[in-house]
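Asker: Just so it is clear, I am handing over data-v9.pdb, which has PDB, C-alpha atoms, pLDDT in the B column.
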```pdb
ATOM      1  CA  ALA D   1    -115.716 131.663 112.634  1.00 75.00           C
ATOM      2  CA  THR D   2    -113.390 128.723 113.116  1.00 94.00           C
ATOM      3  CA  SER D   3    -109.679 129.450 113.313  1.00 97.00           C
ATOM      4  CA  VAL D   4    -107.285 126.539 112.890  1.00 98.00           C
ATOM      5  CA  MET D   5    -103.655 126.224 114.025  1.00 98.00           C
ATOM      6  CA  VAL D   6    -101.526 123.367 112.710  1.00 98.00           C
ATOM      7  CA  PHE D   7     -98.235 122.602 114.442  1.00 98.00           C
ATOM      8  CA  ALA D   8     -95.827 120.513 112.340  1.00 98.00           C
ATOM      9  CA  PRO D   9     -92.332 119.567 113.487  1.00 98.00           C
ATOM     10  CA  HIS D  10     -90.973 119.404 109.900  1.00 96.00           C
ATOM     11  CA  PRO D  11     -92.051 120.600 106.449  1.00 96.00           C
ATOM     12  CA  ASP D  12     -94.368 117.879 105.030  1.00 95.00           C
ATOM     13  CA  ASP D  13     -95.704 116.580 108.369  1.00 97.00           C
ATOM     14  CA  GLU D  14     -98.693 118.917 108.039  1.00 97.00           C
ATOM     15  CA  ILE D  15     -99.472 117.622 104.528  1.00 97.00           C
ATOM     16  CA  PHE D  16     -98.942 113.897 105.130  1.00 97.00           C
ATOM     17  CA  GLY D  17    -100.409 114.041 108.630  1.00 97.00           C
ATOM     18  CA  CYS D  18    -103.531 116.167 108.260  1.00 97.00           C
ATOM     19  CA  GLY D  19    -103.570 117.584 104.728  1.00 98.00           C
ATOM     20  CA  GLY D  20    -107.051 116.210 104.093  1.00 98.00           C
ATOM     21  CA  ALA D  21    -108.440 117.814 107.244  1.00 98.00           C
ATOM     22  CA  ILE D  22    -106.726 121.088 106.304  1.00 98.00           C
ATOM     23  CA  ALA D  23    -108.369 120.949 102.852  1.00 98.00           C
ATOM     24  CA  HIS D  24    -111.782 120.488 104.513  1.00 97.00           C
ATOM     25  CA  HIS D  25    -111.173 123.535 106.745  1.00 98.00           C
ATOM     26  CA  VAL D  26    -110.113 125.660 103.753  1.00 97.00           C
ATOM     27  CA  ARG D  27    -113.208 124.582 101.803  1.00 97.00           C
ATOM     28  CA  ALA D  28    -115.378 125.507 104.792  1.00 97.00           C
ATOM     29  CA  GLY D  29    -113.883 129.012 104.776  1.00 97.00           C
ATOM     30  CA  HIS D  30    -111.976 128.594 108.038  1.00 98.00           C
ATOM     31  CA  THR D  31    -108.766 130.521 108.702  1.00 97.00           C
ATOM     32  CA  VAL D  32    -105.872 128.030 108.769  1.00 98.00           C
ATOM     33  CA  ASN D  33    -102.352 128.823 109.964  1.00 98.00           C
ATOM     34  CA  VAL D  34     -99.499 126.321 109.751  1.00 98.00           C
ATOM     35  CA  ILE D  35     -96.394 126.619 111.884  1.00 98.00           C
ATOM     36  CA  LEU D  36     -93.379 124.497 111.040  1.00 98.00           C
ATOM     37  CA  LEU D  37     -91.186 124.152 114.103  1.00 98.00           C
ATOM     38  CA  THR D  38     -88.066 123.294 112.045  1.00 96.00           C
ATOM     39  CA  SER D  39     -87.027 123.570 108.412  1.00 93.00           C
ATOM     40  CA  GLY D  40     -86.272 119.831 108.361  1.00 90.00           C
ATOM     41  CA  GLU D  41     -82.593 120.407 107.619  1.00 88.00           C
ATOM     42  CA  PHE D  42     -81.424 117.160 109.267  1.00 85.00           C
ATOM     43  CA  GLY D  43     -81.927 115.087 106.119  1.00 70.00           C
ATOM     44  CA  ALA D  44     -79.279 117.025 104.192  1.00 64.00           C
ATOM     45  CA  SER D  45     -76.451 114.826 102.961  1.00 64.00           C
ATOM     46  CA  GLU D  46     -74.837 115.919  99.702  1.00 59.00           C
ATOM     47  CA  HIS D  47     -76.445 119.391  99.874  1.00 59.00           C
ATOM     48  CA  SER D  48     -75.641 122.116 102.335  1.00 69.00           C
ATOM     49  CA  ASP D  49     -78.044 122.266 105.272  1.00 69.00           C
ATOM     50  CA  SER D  50     -79.370 125.677 104.234  1.00 79.00           C
ATOM     51  CA  ASP D  51     -79.996 124.638 100.593  1.00 87.00           C
ATOM     52  CA  TYR D  52     -81.789 121.494 101.733  1.00 88.00           C
ATOM     53  CA  ALA D  53     -83.816 123.400 104.339  1.00 90.00           C
ATOM     54  CA  GLN D  54     -84.776 126.047 101.757  1.00 92.00           C
ATOM     55  CA  ALA D  55     -85.893 123.342  99.315  1.00 92.00           C
ATOM     56  CA  ARG D  56     -88.084 121.708 101.982  1.00 93.00           C
ATOM     57  CA  LEU D  57     -89.638 125.045 102.968  1.00 95.00           C
ATOM     58  CA  SER D  58     -90.270 125.822  99.305  1.00 95.00           C
ATOM     59  CA  GLU D  59     -91.955 122.425  98.776  1.00 96.00           C
ATOM     60  CA  SER D  60     -94.070 123.007 101.874  1.00 96.00           C
ATOM     61  CA  ALA D  61     -95.154 126.428 100.582  1.00 97.00           C
ATOM     62  CA  LYS D  62     -96.092 124.888  97.213  1.00 97.00           C
ATOM     63  CA  ALA D  63     -98.093 122.134  98.924  1.00 97.00           C
ATOM     64  CA  SER D  64     -99.880 124.733 101.072  1.00 97.00           C
ATOM     65  CA  SER D  65    -100.714 126.746  97.967  1.00 97.00           C
ATOM     66  CA  ILE D  66    -102.290 123.639  96.389  1.00 97.00           C
ATOM     67  CA  LEU D  67    -104.506 123.327  99.486  1.00 97.00           C
ATOM     68  CA  GLY D  68    -105.395 127.036  99.290  1.00 97.00           C
ATOM     69  CA  LEU D  69    -103.226 128.226 102.184  1.00 96.00           C
ATOM     70  CA  PRO D  70    -100.554 130.854 102.559  1.00 95.00           C
ATOM     71  CA  ALA D  71     -97.009 129.535 103.040  1.00 95.00           C
ATOM     72  CA  PRO D  72     -96.391 128.116 106.520  1.00 97.00           C
ATOM     73  CA  PHE D  73     -94.434 130.136 109.045  1.00 97.00           C
ATOM     74  CA  CYS D  74     -91.223 128.459 110.235  1.00 97.00           C
ATOM     75  CA  TRP D  75     -89.943 128.978 113.787  1.00 97.00           C
ATOM     76  CA  GLY D  76     -86.469 127.776 112.811  1.00 94.00           C
ATOM     77  CA  LEU D  77     -85.906 125.378 115.703  1.00 96.00           C
ATOM     78  CA  ILE D  78     -83.137 122.845 115.162  1.00 93.00           C
ATOM     79  CA  ASP D  79     -84.259 119.651 113.432  1.00 93.00           C
ATOM     80  CA  ARG D  80     -83.854 116.611 115.726  1.00 93.00           C
ATOM     81  CA  GLN D  81     -83.517 118.927 118.760  1.00 95.00           C
ATOM     82  CA  VAL D  82     -87.108 120.009 119.409  1.00 97.00           C
ATOM     83  CA  VAL D  83     -87.566 119.874 123.167  1.00 97.00           C
ATOM     84  CA  TYR D  84     -90.739 119.736 125.214  1.00 98.00           C
ATOM     85  CA  ASP D  85     -90.046 122.619 127.564  1.00 98.00           C
ATOM     86  CA  GLU D  86     -91.593 125.770 128.993  1.00 98.00           C
ATOM     87  CA  ASP D  87     -90.311 127.947 126.124  1.00 98.00           C
ATOM     88  CA  LEU D  88     -92.036 125.845 123.481  1.00 98.00           C
ATOM     89  CA  VAL D  89     -95.270 125.582 125.467  1.00 98.00           C
ATOM     90  CA  LEU D  90     -95.407 129.347 126.042  1.00 98.00           C
ATOM     91  CA  ARG D  91     -94.646 130.070 122.406  1.00 98.00           C
ATOM     92  CA  MET D  92     -97.547 127.807 121.381  1.00 98.00           C
ATOM     93  CA  VAL D  93     -99.888 129.348 123.962  1.00 98.00           C
ATOM     94  CA  GLN D  94     -98.990 132.798 122.619  1.00 98.00           C
ATOM     95  CA  VAL D  95     -99.593 131.972 118.952  1.00 98.00           C
ATOM     96  CA  ILE D  96    -102.881 130.198 119.777  1.00 98.00           C
ATOM     97  CA  ALA D  97    -104.013 133.352 121.586  1.00 98.00           C
ATOM     98  CA  GLN D  98    -102.745 135.726 118.866  1.00 97.00           C
ATOM     99  CA  THR D  99    -104.514 133.854 116.079  1.00 97.00           C
ATOM    100  CA  GLY D 100    -107.639 133.092 118.099  1.00 97.00           C
ATOM    101  CA  ALA D 101    -107.317 129.450 117.120  1.00 98.00           C
ATOM    102  CA  ASP D 102    -110.069 127.231 118.486  1.00 97.00           C
ATOM    103  CA  VAL D 103    -109.016 124.086 116.583  1.00 98.00           C
ATOM    104  CA  ILE D 104    -105.441 122.875 116.958  1.00 98.00           C
ATOM    105  CA  TYR D 105    -103.657 120.048 115.132  1.00 98.00           C
ATOM    106  CA  ALA D 106    -100.374 118.488 116.302  1.00 98.00           C
ATOM    107  CA  PRO D 107     -98.647 115.136 115.806  1.00 98.00           C
ATOM    108  CA  SER D 108     -99.682 112.182 117.922  1.00 96.00           C
ATOM    109  CA  PRO D 109     -97.586 111.336 120.977  1.00 94.00           C
ATOM    110  CA  TRP D 110     -97.498 107.776 119.544  1.00 93.00           C
ATOM    111  CA  GLU D 111     -95.125 109.002 116.835  1.00 95.00           C
ATOM    112  CA  LEU D 112     -91.612 107.547 116.930  1.00 93.00           C
ATOM    113  CA  HIS D 113     -89.657 110.656 115.933  1.00 95.00           C
ATOM    114  CA  PRO D 114     -88.551 112.616 119.036  1.00 96.00           C
ATOM    115  CA  ASP D 115     -89.428 115.974 117.408  1.00 97.00           C
ATOM    116  CA  HIS D 116     -92.971 114.712 116.774  1.00 97.00           C
ATOM    117  CA  ARG D 117     -93.401 113.566 120.378  1.00 97.00           C
ATOM    118  CA  ALA D 118     -92.011 116.830 121.792  1.00 98.00           C
ATOM    119  CA  THR D 119     -94.358 118.827 119.538  1.00 98.00           C
ATOM    120  CA  ALA D 120     -97.309 116.671 120.633  1.00 98.00           C
ATOM    121  CA  MET D 121     -96.607 117.074 124.350  1.00 98.00           C
ATOM    122  CA  ALA D 122     -96.069 120.827 124.045  1.00 98.00           C
ATOM    123  CA  ALA D 123     -99.299 121.250 122.057  1.00 98.00           C
ATOM    124  CA  VAL D 124    -101.315 119.238 124.584  1.00 98.00           C
ATOM    125  CA  GLU D 125     -99.991 121.422 127.403  1.00 98.00           C
ATOM    126  CA  ALA D 126    -100.461 124.642 125.395  1.00 98.00           C
ATOM    127  CA  VAL D 127    -104.096 123.775 124.695  1.00 98.00           C
ATOM    128  CA  ARG D 128    -104.603 122.890 128.375  1.00 98.00           C
ATOM    129  CA  ARG D 129    -103.335 126.345 129.368  1.00 98.00           C
ATOM    130  CA  SER D 130    -105.188 128.251 126.651  1.00 98.00           C
ATOM    131  CA  VAL D 131    -108.232 130.328 127.456  1.00 95.00           C
ATOM    132  CA  GLY D 132    -111.558 129.382 125.905  1.00 95.00           C
ATOM    133  CA  GLU D 133    -112.969 126.268 124.291  1.00 95.00           C
ATOM    134  CA  LYS D 134    -110.369 124.482 122.153  1.00 97.00           C
ATOM    135  CA  LYS D 135    -110.443 121.275 120.139  1.00 97.00           C
ATOM    136  CA  LEU D 136    -107.169 119.397 119.803  1.00 98.00           C
ATOM    137  CA  TYR D 137    -106.643 116.810 117.071  1.00 97.00           C
ATOM    138  CA  LEU D 138    -103.491 114.673 117.160  1.00 97.00           C
ATOM    139  CA  TYR D 139    -102.555 113.338 113.741  1.00 97.00           C
ATOM    140  CA  GLU D 140    -100.408 110.420 112.640  1.00 95.00           C
ATOM    141  CA  VAL D 141     -97.507 110.837 110.232  1.00 95.00           C
ATOM    142  CA  SER D 142     -95.331 107.737 110.367  1.00 91.00           C
ATOM    143  CA  ALA D 143     -96.674 105.621 113.223  1.00 89.00           C
ATOM    144  CA  PRO D 144    -100.208 104.262 113.609  1.00 88.00           C
ATOM    145  CA  LEU D 145    -102.103 105.826 116.474  1.00 87.00           C
ATOM    146  CA  ARG D 146    -105.188 104.857 118.405  1.00 88.00           C
ATOM    147  CA  PRO D 147    -107.740 107.226 116.878  1.00 90.00           C
ATOM    148  CA  ASN D 148    -110.650 108.814 118.674  1.00 90.00           C
ATOM    149  CA  THR D 149    -111.726 110.790 115.601  1.00 93.00           C
ATOM    150  CA  LEU D 150    -111.749 109.760 111.959  1.00 94.00           C
ATOM    151  CA  ILE D 151    -112.127 112.363 109.225  1.00 95.00           C
ATOM    152  CA  ASP D 152    -113.332 111.191 105.817  1.00 97.00           C
ATOM    153  CA  VAL D 153    -111.050 112.841 103.264  1.00 97.00           C
ATOM    154  CA  THR D 154    -112.483 111.065 100.212  1.00 97.00           C
ATOM    155  CA  THR D 155    -113.783 114.312  98.677  1.00 98.00           C
ATOM    156  CA  VAL D 156    -110.377 116.049  99.032  1.00 98.00           C
ATOM    157  CA  TRP D 157    -108.123 113.020  98.454  1.00 97.00           C
ATOM    158  CA  GLY D 158    -107.006 114.164  94.993  1.00 97.00           C
ATOM    159  CA  LEU D 159    -106.026 117.550  96.408  1.00 97.00           C
ATOM    160  CA  LYS D 160    -104.105 115.948  99.276  1.00 97.00           C
ATOM    161  CA  GLN D 161    -102.284 113.688  96.786  1.00 97.00           C
ATOM    162  CA  GLN D 162    -101.264 116.717  94.701  1.00 98.00           C
ATOM    163  CA  ALA D 163     -99.996 118.458  97.849  1.00 98.00           C
ATOM    164  CA  MET D 164     -98.056 115.352  98.903  1.00 97.00           C
ATOM    165  CA  GLN D 165     -96.437 115.152  95.471  1.00 97.00           C
ATOM    166  CA  ALA D 166     -95.276 118.778  95.854  1.00 96.00           C
TER     167      ALA D 166
END
```
For this file, produce the structure as structure tokens.
Answerer:
Amino acid sequence: ATSVMVFAPHPDDEIFGCGGAIAHHVRAGHTVNVILLTSGEFGASEHSDSDYAQARLSESAKASSILGLPAPFCWGLIDRQVVYDEDLVLRMVQVIAQTGADVIYAPSPWELHPDHRATAMAAVEAVRRSVGEKKLYLYEVSAPLRPNTLIDVTTVWGLKQQAMQA
């Protein structure tokens, strides 16, 4: 059985970036786990960081529910300070092994946001170090990438739109 791991730097990256692919996996009966590296608290302005972060995590959980997933797990790293380092790589290697994931999604290294690029580089290295056959898909969120795989999400587009609205 296919097991899928989605790494997202911030709540909503998983939905905007690869929500359609996630919906396909759920429909196919695959196990899908989403890990949010941060709670996305950096965007807080008039709200307190924790209220804003909680709202984003709550929206992400609602969007996941629409796609048929449990709420994502958040590692609580600091938004805008995700670093490509040995700690992050090892943490990813460990969770890939624990979940038995054989399909991994992470942002594209072409992304402009430094948290997205750090997540991409760490995921590439984690997959390289992981035991067994793995497929890695790098998704775009806010910057066009040079694709090597296109996934037709026409049949799940309405579902992805509902999740994005959440």
Asker: Which one of D:Pro109, D:Pro144, D:Val89, D:Thr154 sits closest to D:Arg128 if you count all atoms listed in the file?
Answerer: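 Closest to D:Arg128 of all the choices is D:Val89.
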Asker: When the PyMOL selection byres ((chain D and resi 163) around 7) is applied to the file above, which residues end up in the set, as a short mmCIF file (atom, residue, chain, number, x, y, z; two decimals) with C-alpha atoms, in the frame of the given file?
Answerer:
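Final output, expr_8.cif:
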```
data_model
loop_
_atom_site.label_atom_id
_atom_site.label_comp_id
_atom_site.auth_asym_id
_atom_site.auth_seq_id
_atom_site.Cartn_x
_atom_site.Cartn_y
_atom_site.Cartn_z
CA ILE D 15 -99.47 117.62 104.53
CA ALA D 63 -98.09 122.13 98.92
CA ILE D 66 -102.29 123.64 96.39
CA LEU D 67 -104.51 123.33 99.49
CA LEU D 159 -106.03 117.55 96.41
CA LYS D 160 -104.10 115.95 99.28
CA GLN D 161 -102.28 113.69 96.79
CA GLN D 162 -101.26 116.72 94.70
CA MET D 164 -98.06 115.35 98.90
CA GLN D 165 -96.44 115.15 95.47
CA ALA D 166 -95.28 118.78 95.85
#
```
Asker: Would you please work out which residue, of D:Ile35, D:Ala23, D:Met92, D:Ile151, is nearest to D:Ala71 when using all atoms listed in the file?
Answerer: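 Ranked by minimum distance to D:Ala71, first place goes to D:Ile35.
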Asker: Put the listed atoms of stretch 143-153 of chain D in a box along x, y and z with 5 Å added on every side and give me the centre and edge lengths in Å to one decimal, as JSON.
Answerer:
```
{"center_x": -105.0, "center_y": 108.6, "center_z": 111.0, "size_x": 26.7, "size_y": 18.6, "size_z": 25.4}
```
Asker: List the neighbours of D:Pro11 out to 7 Å using all atoms listed in the file; skip same-chain residues closer than 6 positions along the sequence, and give me the result as a PyMOL selection string.
Answerer: chain D and resi 36+39-40+56-57+60
